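I have placed the structure first, in the form of structure tokens, so that the comments after it can refer back to it.
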Number of protein chains: 2
Amino acid sequence: MKKSILIITCLLATLAMNAQGNKNLAELLGYPRDSKLLIIHADDMGLSHSVNTACIKAFENKGITSGSIMVPCPWAPEIAAWAKENPGMDIGIHLTLTAEWNLYKWGGISSSDQILSLLDRNNYFYPSVEELGKTAKGAEAEKELRAQIDKAIASGVKPTHLDTHMGSVLANPELVKVYLDLSAAYHLPILFPRAYLGMLPADIAKSLGSQVFLLDNLFMLDEKMVTPNWIDAYRKGIESMKPGLNQMIVHLAIDNDETKAITIGHDGYGSAWRQKDLDLVSGKEFRDLLKANKIILIGWKQVRDAMNNTASK
Amino acid sequence: MKKSILIITCLLATLAMNAQGNKNLAELLGYPRDSKLLIIHADDMGLSHSVNTACIKAFENKGITSGSIMVPCPWAPEIAAWAKENPGMDIGIHLTLTAEWNLYKWGGISSSDQILSLLDRNNYFYPSVEELGKTAKGAEAEKELRAQIDKAIASGVKPTHLDTHMGSVLANPELVKVYLDLSAAYHLPILFPRAYLGMLPADIAKSLGSQVFLLDNLFMLDEKMVTPNWIDAYRKGIESMKPGLNQMIVHLAIDNDETKAITIGHDGYGSAWRQKDLDLVSGKEFRDLLKANKIILIGWKQVRDAMNNTASK
């Protein structure tokens with residue numbers, strides 16, 4: 001997810017109670033009420049072999065606690081096969097309706113004549129959320145996104161949550177509704193920061209606001225936040241982290257020819273960037289920083305199970 | 001193209017006359033009648049960034065005289081952009097109806113519900129020509145292959161010829177007919193060795209047999225032909241080359257993580273193989289061998305123009 005406002009400190013965090021008594025998410029998971037819960041999440045799995053290699057490495061060395069798959073991308077079968085063999089890992093679906101790189105493109109997995117409002121004249125997804133938002137019809141987006149989730153499940157992935165590439169499912173109100181509907185239909189939590197509740201109709205915002213899975217804070221590095229020493233921007237995010245459910249999104253890849261070619265013409269989230277993120281989450285300094293700030297690492301699976309346990313009571 | 005019989009020495013070569021008087025292709029191109037013409041051709045452009053990098057390198061150092069693009073593959077936009085900027089290079093369309101690798105897949109570029117006979121249950125192409133041949137309908141293959149050619153042309157490629165990934169358009173008689181029809185419709189020569197004429201109905205074989213573009217010999221290394229010293233198998237092919245139109249197909253890529261991951265589980269045409277082919281065509285020993293055997297290098301553009309000049313007279 002790439003939004004311009006990336007640190008969302010939500011005043012409503014103290015209201016993050018669920019319907020079951022007064023327990024907040026931390027308590028439901030067996031932690032003290034004021035715990036700083038953090039999901040460290042890698043976007044864009046399936047984009048490339050290099051991204052897959054980096055994410056697998058980060059999962060294995062516990063640098064991340066979650067990742068999500070771009071099902072329409074060329075290397076999705078590789079990471080889906082890995083996910084099937086590693087059911088202990090938290091793998092979500094990175095709902096994908098955009099294809100932002102210059103010379104490396106993809107479209108939907110549905111029949112293209114059934115999702116025309118999502119595609120450019122080459123039957124690729126649009127490169128930007130803005131272009132998508134202008135034409136995307138909710139019914140076509142729902143068809144495509146259900147196909148993405150179903151295909152991942154059919155390949156052996158047991159999704160822990162849904163999130164959204166470049167925030168594409170927030171591109172227009174019809175798509176936002178699809179996003180919420182998919183959460184309900186598949187019994188999966190979605191990446192949805194509390195600060196976004198204002199974009200919803202009041203009744204929906206009220207109903208959603210009582211859910212345990214809403215993020216209280218979302219941290220994702222953008223170009224303006226970059227510091228000469230890569231960890232410093234993250235340090236700020238970690239040291240200012242509040243109690244509640246926090247997510248930190250990282251973008252991992254090996255800095256090699258493949259990644260350079262994919263990200264050509266893009267500095268942000270480029271090849272060097274992704275290697276730095278990989279080095280960051282793999283490093284002792286980062287781990288020590290989390291420990292020093294009493295951050296409790298969790299994954300989306302715990303959130304999903306808490307959501308579904310709560311809903312069934 | 002991967003066929004089990006890869007050196008085809010055709011007894012009919014001496015009959016390779018065209019309809020215009022008694023001139024054979026060599027004479028039409030301004031060479032002596034008994035010249036050994038050779039197209040050195042790289043398959044699979046667009047398959048990966050690594051393949052593209054290797055092919056561009058080989059074009060630039062004149063190691064190959066032709067290459068062809070797999071339009072449905074993820075990296076086709078990259079090589080199409082290069083082809084557009086390098087109109088002097090001979091670029092054909094590698095008509096693609098199969099996806100043979102384990103964890104790196106693609107389907108058609110047409111709407112999948114309109115080409116169901118070409119696709120597996122995941123909407124990917126089948127991995128083998130045999131599976132394709134059992135179900136593929138001519139009309140659907142024609143729809144998809146026209147889309148591939150049209151997309152390449154729309155992106156700025158000026159195709160010099162048509163050829164076929166893994167021989168997929170030879171998978172059943174309906175597809176062979178499509179292949180011949182596309183040649184006529186787009187005024188493009190096709191890779192079609194004279195030795196294959198026997199698979200056609202007699203009247204079509206007779207008509208096609210008079211065309212200037214038919215290959216007299218096709219050389220492509222397969223696993224049984226590999227020699228400890230890579231060049232030795234090629235040496236045999238070059239030293240036994242006959243007068244007429246010859247094509248040598250090579251498979252180029254950089255031996256790196258991307259290529260290794262794509263070709264995982266396949267020894268033939270794998271990562272090391274492709275690097276060896278790249279090193280071969282880039283090397284002085286290979287060039288000297290061609291020179292010593294009085295091989296005349298040509299490209300498909302010359303063949304295309306000879307075919308169309310002949311047809312218009």
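Letters A, B, ... go to the chains of the structure tokens in the order shown; residues in each chain start at 1; ligands are counted from 1 in the same order.
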May I have a table of the residues of chain A lying at most 9 Å from chain B, giving each one's closest pair of atoms and their distance in Å to one decimal, counting only C-alpha atoms, ordered by chain and ascending residue number, as a tab-separated table?
```
residue	atom	partner	partner_atom	distance
A:Ser48	CA	B:Glu258	CA	8.7
A:His49	CA	B:Glu258	CA	6.3
A:Ser50	CA	B:Glu258	CA	7.5
A:Cys73	CA	B:Pro74	CA	8.6
A:Pro74	CA	B:Tyr104	CA	6.1
A:Trp75	CA	B:Tyr104	CA	5.8
A:Ala76	CA	B:Tyr104	CA	8.0
A:Pro77	CA	B:Leu103	CA	5.2
A:Glu78	CA	B:Leu103	CA	4.9
A:Ile79	CA	B:Leu103	CA	8.7
A:Ala81	CA	B:Leu103	CA	8.1
A:Asn102	CA	B:Glu78	CA	8.5
A:Leu103	CA	B:Glu78	CA	4.9
A:Tyr104	CA	B:Trp75	CA	5.8
A:Lys105	CA	B:Pro74	CA	6.4
A:Trp106	CA	B:Pro74	CA	7.2
A:Ile109	CA	B:Asn123	CA	7.9
A:Ser110	CA	B:Ser112	CA	7.4
A:Ser111	CA	B:Ser112	CA	4.7
A:Ser112	CA	B:Ser111	CA	4.8
A:Asp113	CA	B:Ser111	CA	5.7
A:Gln114	CA	B:Ser111	CA	8.3
A:Asn122	CA	B:Lys151	CA	7.8
A:Asn123	CA	B:Ile109	CA	7.9
A:Lys151	CA	B:Asn122	CA	7.8
A:Asp257	CA	B:His49	CA	8.0
A:Glu258	CA	B:His49	CA	6.3
A:Ala261	CA	B:His49	CA	7.2
A:Ile262	CA	B:His49	CA	8.6
```
key: alpha helix (DSSP H) call set, DSSP backbone run, range 53-201 of chain B, as number ranges by chain   = B: 53-60, 76-85, 129-135, 138-154, 173-186
query = By how many Å are CA of Leu297 in chain A and CA of Ile40 in chain A apart?
reply =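 These atoms are spaced 7.5 Å apart.
Within 8 Å of Phe125 in chain B, once only C-alpha atoms are used and residues closer than 3 positions along the same chain are dropped, the contacting residues are Leu97, Thr98, Ala99, Lys105, Trp106, Gly107, Gly108, Leu118, Leu119, Asp120 and Leu132 of chain B.
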Would you mind exporting the chosen residues as an mmCIF file, in the first residue's frame, restricted to N, CA, C and O atoms?
```cif
data_model
loop_
_atom_site.group_PDB
_atom_site.id
_atom_site.type_symbol
_atom_site.label_atom_id
_atom_site.label_comp_id
_atom_site.auth_asym_id
_atom_site.auth_seq_id
_atom_site.Cartn_x
_atom_site.Cartn_y
_atom_site.Cartn_z
ATOM 1 N N LEU B 97 1.787 -20.949 -27.447
ATOM 2 C CA LEU B 97 0.565 -21.611 -26.965
ATOM 3 C C LEU B 97 0.871 -22.608 -25.852
ATOM 4 O O LEU B 97 0.016 -23.428 -25.502
ATOM 5 N N THR B 98 2.082 -22.549 -25.319
ATOM 6 C CA THR B 98 2.477 -23.445 -24.234
ATOM 7 C C THR B 98 3.241 -22.647 -23.173
ATOM 8 O O THR B 98 3.810 -21.591 -23.467
ATOM 9 N N ALA B 99 3.248 -23.169 -21.959
ATOM 10 C CA ALA B 99 3.989 -22.551 -20.834
ATOM 11 C C ALA B 99 4.594 -23.712 -20.047
ATOM 12 O O ALA B 99 3.923 -24.343 -19.240
ATOM 13 N N LYS B 105 4.518 -19.072 -15.007
ATOM 14 C CA LYS B 105 3.502 -19.458 -15.968
ATOM 15 C C LYS B 105 2.904 -18.237 -16.673
ATOM 16 O O LYS B 105 3.013 -17.115 -16.202
ATOM 17 N N TRP B 106 2.253 -18.510 -17.787
ATOM 18 C CA TRP B 106 1.490 -17.461 -18.472
ATOM 19 C C TRP B 106 0.361 -18.138 -19.239
ATOM 20 O O TRP B 106 0.405 -19.337 -19.515
ATOM 21 N N GLY B 107 -0.616 -17.319 -19.575
ATOM 22 C CA GLY B 107 -1.702 -17.788 -20.428
ATOM 23 C C GLY B 107 -1.752 -16.936 -21.675
ATOM 24 O O GLY B 107 -0.768 -16.277 -22.021
ATOM 25 N N GLY B 108 -2.885 -16.916 -22.335
ATOM 26 C CA GLY B 108 -3.021 -16.125 -23.552
ATOM 27 C C GLY B 108 -3.235 -14.661 -23.238
ATOM 28 O O GLY B 108 -3.434 -14.279 -22.091
ATOM 29 N N LEU B 118 -7.406 -23.765 -25.197
ATOM 30 C CA LEU B 118 -5.944 -23.633 -25.144
ATOM 31 C C LEU B 118 -5.413 -23.617 -23.706
ATOM 32 O O LEU B 118 -4.191 -23.614 -23.510
ATOM 33 N N LEU B 119 -6.323 -23.582 -22.727
ATOM 34 C CA LEU B 119 -5.899 -23.270 -21.358
ATOM 35 C C LEU B 119 -6.185 -24.403 -20.381
ATOM 36 O O LEU B 119 -7.170 -25.137 -20.532
ATOM 37 N N ASP B 120 -5.326 -24.483 -19.355
ATOM 38 C CA ASP B 120 -5.569 -25.467 -18.295
ATOM 39 C C ASP B 120 -6.551 -24.867 -17.272
ATOM 40 O O ASP B 120 -7.078 -23.775 -17.458
ATOM 41 N N LEU B 132 -1.646 -29.679 -25.380
ATOM 42 C CA LEU B 132 -2.265 -28.652 -26.226
ATOM 43 C C LEU B 132 -2.952 -29.282 -27.426
ATOM 44 O O LEU B 132 -4.115 -28.964 -27.740
#
```
message = Between CA of Thr65 in chain A and CA of Ile39 in chain A, what is the distance in Å, rounded to a tenth?
response =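 Atom-to-atom, CA of Thr65 in chain A to CA of Ile39 in chain A, that is 6.0 Å.
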request  = DSSP on the backbone, then: every residue of range 195-233 of chain B marked strand (DSSP E or B), written as JSON, numbers by chain.
outcome  = {"B": [215, 217, 218, 219, 220]}
message = When you look at Glu174 in chain A with a cut-off of 9 Å (counting only C-alpha atoms), what residues show up, excluding the ones that are within fewer than 4 positions of it in the same chain? I need them as a ChimeraX atom specification.
response = /A:136-139,141,169-170,178-179
Taking all heavy atoms for each residue, export the selection above as a tab-separated table (two decimals), in the first residue's frame.
```
chain	number	residue	atom	x	y	z
A	136	ALA	N	-13.14	2.10	-12.71
A	136	ALA	CA	-13.39	0.76	-12.13
A	136	ALA	C	-14.82	0.62	-11.62
A	136	ALA	O	-15.30	1.45	-10.84
A	136	ALA	CB	-12.41	0.51	-10.99
A	137	LYS	N	-15.48	-0.44	-12.05
A	137	LYS	CA	-16.83	-0.77	-11.57
A	137	LYS	C	-16.72	-1.80	-10.45
A	137	LYS	O	-15.97	-2.77	-10.56
A	137	LYS	CB	-17.66	-1.34	-12.71
A	137	LYS	CG	-17.97	-0.32	-13.79
A	137	LYS	CD	-18.74	-0.96	-14.93
A	137	LYS	CE	-18.99	0.07	-16.03
A	137	LYS	NZ	-19.37	-0.57	-17.30
A	138	GLY	N	-17.53	-1.61	-9.43
A	138	GLY	CA	-17.48	-2.48	-8.27
A	138	GLY	C	-17.69	-3.95	-8.62
A	138	GLY	O	-16.94	-4.82	-8.16
A	139	ALA	N	-18.69	-4.24	-9.46
A	139	ALA	CA	-19.01	-5.65	-9.77
A	139	ALA	C	-17.83	-6.32	-10.47
A	139	ALA	O	-17.52	-7.49	-10.21
A	139	ALA	CB	-20.25	-5.72	-10.64
A	141	ALA	N	-14.61	-5.38	-10.25
A	141	ALA	CA	-13.53	-5.52	-9.27
A	141	ALA	C	-13.80	-6.71	-8.35
A	141	ALA	O	-12.90	-7.49	-8.04
A	141	ALA	CB	-13.39	-4.24	-8.45
A	169	VAL	N	-7.85	-0.84	-3.78
A	169	VAL	CA	-9.27	-1.07	-3.47
A	169	VAL	C	-9.91	0.12	-2.73
A	169	VAL	O	-11.08	0.07	-2.38
A	169	VAL	CB	-9.51	-2.35	-2.63
A	169	VAL	CG1	-9.08	-3.60	-3.40
A	169	VAL	CG2	-8.84	-2.26	-1.28
A	170	LEU	N	-9.11	1.15	-2.52
A	170	LEU	CA	-9.68	2.37	-1.96
A	170	LEU	C	-9.85	3.43	-3.04
A	170	LEU	O	-10.12	4.59	-2.77
A	170	LEU	CB	-8.79	2.90	-0.83
A	170	LEU	CG	-8.43	1.88	0.26
A	170	LEU	CD1	-7.47	2.49	1.27
A	170	LEU	CD2	-9.69	1.37	0.97
A	178	VAL	N	-16.54	-3.23	-1.99
A	178	VAL	CA	-16.12	-4.58	-2.36
A	178	VAL	C	-15.11	-5.12	-1.33
A	178	VAL	O	-15.20	-6.27	-0.89
A	178	VAL	CB	-15.48	-4.60	-3.77
A	178	VAL	CG1	-14.81	-5.94	-4.05
A	178	VAL	CG2	-16.53	-4.29	-4.83
A	179	TYR	N	-14.20	-4.26	-0.94
A	179	TYR	CA	-13.15	-4.65	0.03
A	179	TYR	C	-13.81	-5.13	1.33
A	179	TYR	O	-13.48	-6.20	1.86
A	179	TYR	CB	-12.27	-3.42	0.25
A	179	TYR	CG	-10.96	-3.61	1.00
A	179	TYR	CD1	-10.19	-4.75	0.87
A	179	TYR	CD2	-10.48	-2.57	1.81
A	179	TYR	CE1	-8.98	-4.87	1.53
A	179	TYR	CE2	-9.27	-2.68	2.48
A	179	TYR	CZ	-8.52	-3.83	2.35
A	179	TYR	OH	-7.32	-3.94	3.00
```
Who sits within 9 Å of Ala83 in chain B, only C-alpha atoms, same chain under 6 positions skipped, as a list in words = Met89, Asp90, Ile91, Gly156, Val157 and Lys158 of chain B
